[in-house]
Amino acid sequence: MATIAKPQQDFSILPDLPADVFTAPLKKPAHVGDDWLEPEQTNYTAEDHAIWDDLFARQMQVLPGRAANAFMAGLEKLDLGRGGVPEFGQLSEELGALTGWSVVPVPMLIPDHVFFWHLANRRFPAGNFIRTRETFDYIQEPDVFHDVFGHAPMLTDPVFADYMQEYGRAGWKAMRYNHLKALGALYWYTVEFGLIEEAPGDIRAYGAGILSGPTEAVFSVEAQSPNRIMLNVDRVMRTDYVISDLQPTYFVIESFEDLYRQTVERDFDRLYRSLGASFTYANTAVIDVDNVIHQGTQEYLLRGGRGSGAKPV
Ligand SMILES: [Fe+2]
C-alpha cells in the first residue's frame, strides 16, 4: 500500500502563529527582534545578587527530601549556589556540555510560538530580571530565579532535556489544530507542577513552579488538600489548571522515561481531533479512569485559598 510521507518540519525556522489561534496578547518591547531575545543579560546589582542568594538559601531549607533526585543533582552539577545570579554564558556552557541546552535572556513572558521555537532548538528562555524584596514571596511573572533555579537543573537530565525539546516541537502541531490550551495543560502539569514517584510511597517534586517557592514544595508532596494522581496524558490535556494559587491536583509520573514515552512516542493528531474547545475536567476533579495515589480533602481551596488566610494543609 502506498503511503504519503509527511513533510518534515523545519524546526530551525520561527513558526508563524496561525491567524485564528488565540494566545495572550503580549506587546513586544521595541529593543527585541522577532526572537524576543535580549541583546545581553542584565547587569545585576549587589542587592539583586543578594536576593538570589536569599531565595536560594530559603529553598535549600525545604527541598532536600522533597525535590526529585534529578533536580538536586542538577543544582549540584550547575553549581547554582555558587553565589549571585548565574551568568548565562557560563551556565549555557556547562549545560551545553551536559545535554546541549543553553539559557537565553528574554524581557518578559514571550509568545507561545516563539517559546516553542526556542525549546525546539534547545534554548531555554529565562526572564532577564529578578524580583524585589517587596515581591520576594510571590510574583506571577517568571523571573530569573524561577526560570534558572526552577528549570535549569532538570535540563541536565538527558531524558527530561529531550522531553523539553520535543515539547517545543509539539507546539507546531498544537498550533495547527488550535489546541494550545491542551498542550499548555501538559506543560503545566509536568514541567511546572509535576511530581515523580521515585520509590514506592516516595513522591517528590520535579516541576519548576513547585521547586522555586517554599510553600508549594511542601504542600505538593505532603499536604492532605490536593489530589495526587498518576499521569495519563489524555486526561491531563483535558484538565483545567489554576495560575495564581496552589494546585488542587498534581499528576505523578513513574519516571522521566515514562513521561517521554507517554507523550513523545505518541501521535497527538487523534487526541486533538477529539478535544473540545474548552477543558473537560475541573482542576479538582477525580474521575473513573484515574489511578489515584491520594484523594485530596481540598480543605485549603474550600477555606478560600490564596489571600484568605487558609493554611496550606
Ligand atoms: Fe516556568
# chains A, B, ... in the order shown; residues from 1 in each chain; ligands from 1
$ residues_around --residues "Asp162 of chain A" --least-positions-apart "5" --cutoff "12 Å" --atoms "only C-alpha atoms" --output "list in words"
Thr99, Gly100, Trp101, Leu119, Ala120, Asn121, Arg122, Arg123, Met154, Leu155, Thr156, Asp157, Tyr167, Gly168, Arg169, Phe256, Glu257, Leu259, Tyr260, Arg261, Thr263, Val264 and Glu265 of chain A
$ write_last_selection --atoms "N, CA and C atoms" --output "short mmCIF file (atom, residue, chain, number, x, y, z; two decimals), in the first residue's frame"
data_model
loop_
_atom_site.label_atom_id
_atom_site.label_comp_id
_atom_site.auth_asym_id
_atom_site.auth_seq_id
_atom_site.Cartn_x
_atom_site.Cartn_y
_atom_site.Cartn_z
N THR A 99 23.96 18.43 28.14
CA THR A 99 22.81 17.99 27.33
C THR A 99 22.58 18.83 26.08
N GLY A 100 23.47 19.80 25.81
CA GLY A 100 23.29 20.59 24.59
C GLY A 100 22.29 21.74 24.72
N TRP A 101 21.85 22.02 25.95
CA TRP A 101 20.92 23.14 26.14
C TRP A 101 21.67 24.42 26.44
N LEU A 119 12.55 26.31 22.51
CA LEU A 119 12.67 24.95 23.11
C LEU A 119 13.06 23.92 22.05
N ALA A 120 12.45 24.02 20.88
CA ALA A 120 12.74 23.06 19.80
C ALA A 120 14.21 23.10 19.41
N ASN A 121 14.88 24.23 19.71
CA ASN A 121 16.31 24.37 19.42
C ASN A 121 17.17 24.31 20.69
N ARG A 122 16.61 23.73 21.71
CA ARG A 122 17.29 23.52 23.00
C ARG A 122 17.82 24.82 23.62
N ARG A 123 17.00 25.86 23.50
CA ARG A 123 17.31 27.13 24.18
C ARG A 123 16.21 27.38 25.19
N MET A 154 16.72 20.61 35.85
CA MET A 154 16.11 19.47 35.17
C MET A 154 16.64 19.32 33.74
N LEU A 155 17.16 20.43 33.18
CA LEU A 155 17.70 20.34 31.82
C LEU A 155 19.04 19.60 31.78
N THR A 156 19.57 19.27 32.96
CA THR A 156 20.80 18.45 32.99
C THR A 156 20.48 16.96 32.89
N ASP A 157 19.20 16.61 33.04
CA ASP A 157 18.80 15.20 32.93
C ASP A 157 18.57 14.89 31.45
N TYR A 167 8.71 18.84 23.43
CA TYR A 167 7.55 19.67 23.78
C TYR A 167 7.50 20.89 22.85
N GLY A 168 8.66 21.52 22.67
CA GLY A 168 8.73 22.67 21.76
C GLY A 168 8.29 22.29 20.36
N ARG A 169 8.78 21.15 19.89
CA ARG A 169 8.40 20.70 18.54
C ARG A 169 6.90 20.42 18.44
N PHE A 256 11.12 9.63 34.22
CA PHE A 256 11.17 10.55 33.09
C PHE A 256 11.08 9.77 31.77
N GLU A 257 11.54 8.54 31.77
CA GLU A 257 11.40 7.69 30.57
C GLU A 257 9.91 7.46 30.30
N LEU A 259 7.42 9.43 31.20
CA LEU A 259 6.87 10.69 30.71
C LEU A 259 7.17 10.85 29.21
N TYR A 260 8.40 10.55 28.85
CA TYR A 260 8.81 10.67 27.45
C TYR A 260 7.97 9.75 26.57
N ARG A 261 7.85 8.49 27.03
CA ARG A 261 7.08 7.50 26.25
C ARG A 261 5.62 7.93 26.09
N THR A 263 4.28 10.74 26.05
CA THR A 263 3.99 11.97 25.31
C THR A 263 4.65 11.95 23.93
N VAL A 264 5.96 11.83 23.91
CA VAL A 264 6.68 12.00 22.66
C VAL A 264 6.42 10.83 21.71
N GLU A 265 6.29 9.65 22.26
CA GLU A 265 6.15 8.49 21.39
C GLU A 265 4.70 8.22 21.02
#
$ residues_near_ligand --ligand "ligand 1" --cutoff "12 Å" --atoms "only C-alpha atoms and all ligand atoms" --output "PDB file with N, CA and C atoms, in the first residue's frame"
ATOM      1  N   MET A 108      10.490  39.276  29.265  1.00  0.00           N
ATOM      2  CA  MET A 108       9.206  39.019  29.944  1.00  0.00           C
ATOM      3  C   MET A 108       8.673  37.701  29.401  1.00  0.00           C
ATOM      4  N   LEU A 109       7.429  37.370  29.735  1.00  0.00           N
ATOM      5  CA  LEU A 109       6.788  36.211  29.102  1.00  0.00           C
ATOM      6  C   LEU A 109       6.794  36.437  27.597  1.00  0.00           C
ATOM      7  N   ILE A 110       7.052  35.395  26.845  1.00  0.00           N
ATOM      8  CA  ILE A 110       7.117  35.573  25.387  1.00  0.00           C
ATOM      9  C   ILE A 110       5.980  34.773  24.727  1.00  0.00           C
ATOM     10  N   PHE A 115       8.334  30.814  22.075  1.00  0.00           N
ATOM     11  CA  PHE A 115       8.764  29.920  23.158  1.00  0.00           C
ATOM     12  C   PHE A 115       8.999  28.495  22.614  1.00  0.00           C
ATOM     13  N   PHE A 124      16.576  27.589  26.455  1.00  0.00           N
ATOM     14  CA  PHE A 124      15.547  27.887  27.445  1.00  0.00           C
ATOM     15  C   PHE A 124      15.500  29.394  27.701  1.00  0.00           C
ATOM     16  N   PRO A 125      14.358  30.054  27.375  1.00  0.00           N
ATOM     17  CA  PRO A 125      14.251  31.495  27.601  1.00  0.00           C
ATOM     18  C   PRO A 125      14.042  31.788  29.088  1.00  0.00           C
ATOM     19  N   ALA A 126      14.881  32.656  29.634  1.00  0.00           N
ATOM     20  CA  ALA A 126      14.794  32.975  31.063  1.00  0.00           C
ATOM     21  C   ALA A 126      14.579  34.471  31.248  1.00  0.00           C
ATOM     22  N   GLY A 127      13.683  34.827  32.161  1.00  0.00           N
ATOM     23  CA  GLY A 127      13.381  36.234  32.463  1.00  0.00           C
ATOM     24  C   GLY A 127      14.649  36.973  32.891  1.00  0.00           C
ATOM     25  N   ILE A 139       5.638  36.283  42.894  1.00  0.00           N
ATOM     26  CA  ILE A 139       5.445  37.108  41.696  1.00  0.00           C
ATOM     27  C   ILE A 139       4.800  36.224  40.647  1.00  0.00           C
ATOM     28  N   GLN A 140       3.929  36.809  39.854  1.00  0.00           N
ATOM     29  CA  GLN A 140       3.250  35.995  38.840  1.00  0.00           C
ATOM     30  C   GLN A 140       4.124  35.832  37.598  1.00  0.00           C
ATOM     31  N   GLU A 141       4.834  36.890  37.243  1.00  0.00           N
ATOM     32  CA  GLU A 141       5.694  36.856  36.045  1.00  0.00           C
ATOM     33  C   GLU A 141       6.978  36.094  36.379  1.00  0.00           C
ATOM     34  N   PRO A 142       7.332  35.069  35.587  1.00  0.00           N
ATOM     35  CA  PRO A 142       8.533  34.301  35.927  1.00  0.00           C
ATOM     36  C   PRO A 142       9.816  35.126  35.799  1.00  0.00           C
ATOM     37  N   ASP A 143      10.563  35.209  36.915  1.00  0.00           N
ATOM     38  CA  ASP A 143      11.818  35.959  36.912  1.00  0.00           C
ATOM     39  C   ASP A 143      12.987  34.988  36.775  1.00  0.00           C
ATOM     40  N   VAL A 144      14.203  35.533  36.881  1.00  0.00           N
ATOM     41  CA  VAL A 144      15.389  34.704  36.656  1.00  0.00           C
ATOM     42  C   VAL A 144      15.510  33.612  37.727  1.00  0.00           C
ATOM     43  N   PHE A 145      14.994  33.865  38.918  1.00  0.00           N
ATOM     44  CA  PHE A 145      15.093  32.813  39.940  1.00  0.00           C
ATOM     45  C   PHE A 145      14.190  31.641  39.576  1.00  0.00           C
ATOM     46  N   HIS A 146      12.941  31.937  39.229  1.00  0.00           N
ATOM     47  CA  HIS A 146      12.058  30.847  38.807  1.00  0.00           C
ATOM     48  C   HIS A 146      12.654  30.118  37.592  1.00  0.00           C
ATOM     49  N   ASP A 147      13.052  30.890  36.590  1.00  0.00           N
ATOM     50  CA  ASP A 147      13.456  30.270  35.326  1.00  0.00           C
ATOM     51  C   ASP A 147      14.776  29.499  35.431  1.00  0.00           C
ATOM     52  N   VAL A 148      15.739  30.050  36.151  1.00  0.00           N
ATOM     53  CA  VAL A 148      17.046  29.373  36.207  1.00  0.00           C
ATOM     54  C   VAL A 148      17.102  28.365  37.352  1.00  0.00           C
ATOM     55  N   PHE A 149      16.750  28.787  38.552  1.00  0.00           N
ATOM     56  CA  PHE A 149      16.764  27.838  39.676  1.00  0.00           C
ATOM     57  C   PHE A 149      15.737  26.732  39.447  1.00  0.00           C
ATOM     58  N   GLY A 150      14.541  27.127  38.985  1.00  0.00           N
ATOM     59  CA  GLY A 150      13.452  26.155  38.829  1.00  0.00           C
ATOM     60  C   GLY A 150      13.634  25.221  37.639  1.00  0.00           C
ATOM     61  N   HIS A 151      14.067  25.769  36.498  1.00  0.00           N
ATOM     62  CA  HIS A 151      14.070  24.962  35.270  1.00  0.00           C
ATOM     63  C   HIS A 151      15.435  24.383  34.885  1.00  0.00           C
ATOM     64  N   ALA A 152      16.514  25.157  35.094  1.00  0.00           N
ATOM     65  CA  ALA A 152      17.807  24.707  34.547  1.00  0.00           C
ATOM     66  C   ALA A 152      18.276  23.353  35.114  1.00  0.00           C
ATOM     67  N   MET A 154      16.716  20.615  35.855  1.00  0.00           N
ATOM     68  CA  MET A 154      16.107  19.471  35.166  1.00  0.00           C
ATOM     69  C   MET A 154      16.636  19.324  33.738  1.00  0.00           C
ATOM     70  N   MET A 164      11.807  18.182  26.863  1.00  0.00           N
ATOM     71  CA  MET A 164      11.588  19.620  26.701  1.00  0.00           C
ATOM     72  C   MET A 164      11.728  20.046  25.237  1.00  0.00           C
ATOM     73  N   GLY A 184      -0.722  23.370  26.640  1.00  0.00           N
ATOM     74  CA  GLY A 184      -0.328  24.177  27.790  1.00  0.00           C
ATOM     75  C   GLY A 184      -0.605  23.454  29.107  1.00  0.00           C
ATOM     76  N   TYR A 187       2.183  21.036  29.798  1.00  0.00           N
ATOM     77  CA  TYR A 187       3.365  21.734  30.326  1.00  0.00           C
ATOM     78  C   TYR A 187       3.155  22.056  31.810  1.00  0.00           C
ATOM     79  N   TRP A 188       1.970  22.574  32.084  1.00  0.00           N
ATOM     80  CA  TRP A 188       1.646  22.981  33.448  1.00  0.00           C
ATOM     81  C   TRP A 188       1.788  21.807  34.425  1.00  0.00           C
ATOM     82  N   TYR A 189       1.176  20.677  34.068  1.00  0.00           N
ATOM     83  CA  TYR A 189       1.120  19.536  34.992  1.00  0.00           C
ATOM     84  C   TYR A 189       2.389  18.668  34.962  1.00  0.00           C
ATOM     85  N   THR A 190       3.329  18.991  34.075  1.00  0.00           N
ATOM     86  CA  THR A 190       4.602  18.243  34.090  1.00  0.00           C
ATOM     87  C   THR A 190       5.750  19.211  34.394  1.00  0.00           C
ATOM     88  N   VAL A 191       6.107  20.031  33.447  1.00  0.00           N
ATOM     89  CA  VAL A 191       7.287  20.904  33.587  1.00  0.00           C
ATOM     90  C   VAL A 191       7.162  21.865  34.777  1.00  0.00           C
ATOM     91  N   GLU A 192       5.970  22.389  35.014  1.00  0.00           N
ATOM     92  CA  GLU A 192       5.815  23.359  36.111  1.00  0.00           C
ATOM     93  C   GLU A 192       5.392  22.719  37.436  1.00  0.00           C
ATOM     94  N   PHE A 193       4.473  21.736  37.383  1.00  0.00           N
ATOM     95  CA  PHE A 193       3.930  21.226  38.650  1.00  0.00           C
ATOM     96  C   PHE A 193       3.951  19.706  38.741  1.00  0.00           C
ATOM     97  N   GLY A 194       4.921  19.084  38.067  1.00  0.00           N
ATOM     98  CA  GLY A 194       4.989  17.630  38.049  1.00  0.00           C
ATOM     99  C   GLY A 194       5.580  17.036  39.318  1.00  0.00           C
ATOM    100  N   TYR A 206       9.341  17.578  40.734  1.00  0.00           N
ATOM    101  CA  TYR A 206      10.351  17.976  39.739  1.00  0.00           C
ATOM    102  C   TYR A 206       9.916  19.231  38.967  1.00  0.00           C
ATOM    103  N   GLY A 207       8.688  19.715  39.192  1.00  0.00           N
ATOM    104  CA  GLY A 207       8.187  20.877  38.457  1.00  0.00           C
ATOM    105  C   GLY A 207       8.781  22.180  38.988  1.00  0.00           C
ATOM    106  N   ALA A 208       9.127  23.068  38.056  1.00  0.00           N
ATOM    107  CA  ALA A 208       9.781  24.329  38.417  1.00  0.00           C
ATOM    108  C   ALA A 208       8.872  25.252  39.211  1.00  0.00           C
ATOM    109  N   GLY A 209       7.573  25.212  38.936  1.00  0.00           N
ATOM    110  CA  GLY A 209       6.636  26.058  39.670  1.00  0.00           C
ATOM    111  C   GLY A 209       6.572  25.673  41.136  1.00  0.00           C
ATOM    112  N   ILE A 210       6.764  24.403  41.395  1.00  0.00           N
ATOM    113  CA  ILE A 210       6.795  23.920  42.784  1.00  0.00           C
ATOM    114  C   ILE A 210       8.134  24.257  43.424  1.00  0.00           C
ATOM    115  N   LEU A 211       9.203  23.974  42.726  1.00  0.00           N
ATOM    116  CA  LEU A 211      10.534  23.987  43.357  1.00  0.00           C
ATOM    117  C   LEU A 211      11.132  25.376  43.515  1.00  0.00           C
ATOM    118  N   SER A 212      10.524  26.386  42.867  1.00  0.00           N
ATOM    119  CA  SER A 212      11.074  27.729  43.022  1.00  0.00           C
ATOM    120  C   SER A 212      10.374  28.521  44.127  1.00  0.00           C
ATOM    121  N   GLY A 213       9.488  27.868  44.894  1.00  0.00           N
ATOM    122  CA  GLY A 213       8.857  28.545  46.031  1.00  0.00           C
ATOM    123  C   GLY A 213       8.778  27.609  47.228  1.00  0.00           C
ATOM    124  N   ILE A 243      -3.664  29.331  37.784  1.00  0.00           N
ATOM    125  CA  ILE A 243      -2.386  30.007  37.550  1.00  0.00           C
ATOM    126  C   ILE A 243      -1.870  30.675  38.818  1.00  0.00           C
TER     127      ILE A 243
END
$ select_by_dssp --residues "segment 188-294 of chain A" --states "helix (DSSP H, G or I)" --output "number ranges by chain"
A: 188-192, 208-211, 214-222, 233-236, 256-263, 269-274
$ closest_residue --among "A:Gly74, A:Gly84, A:Pro248, A:Pro111" --to "Trp36 of chain A" --atoms "only C-alpha atoms"
A:Pro111
$ residues_around --residues "segment 75-81 of chain A" --least-positions-apart "4" --cutoff "7 Å" --atoms "only C-alpha atoms" --output "ChimeraX atom specification"
/A:56,71,86,91,94,153
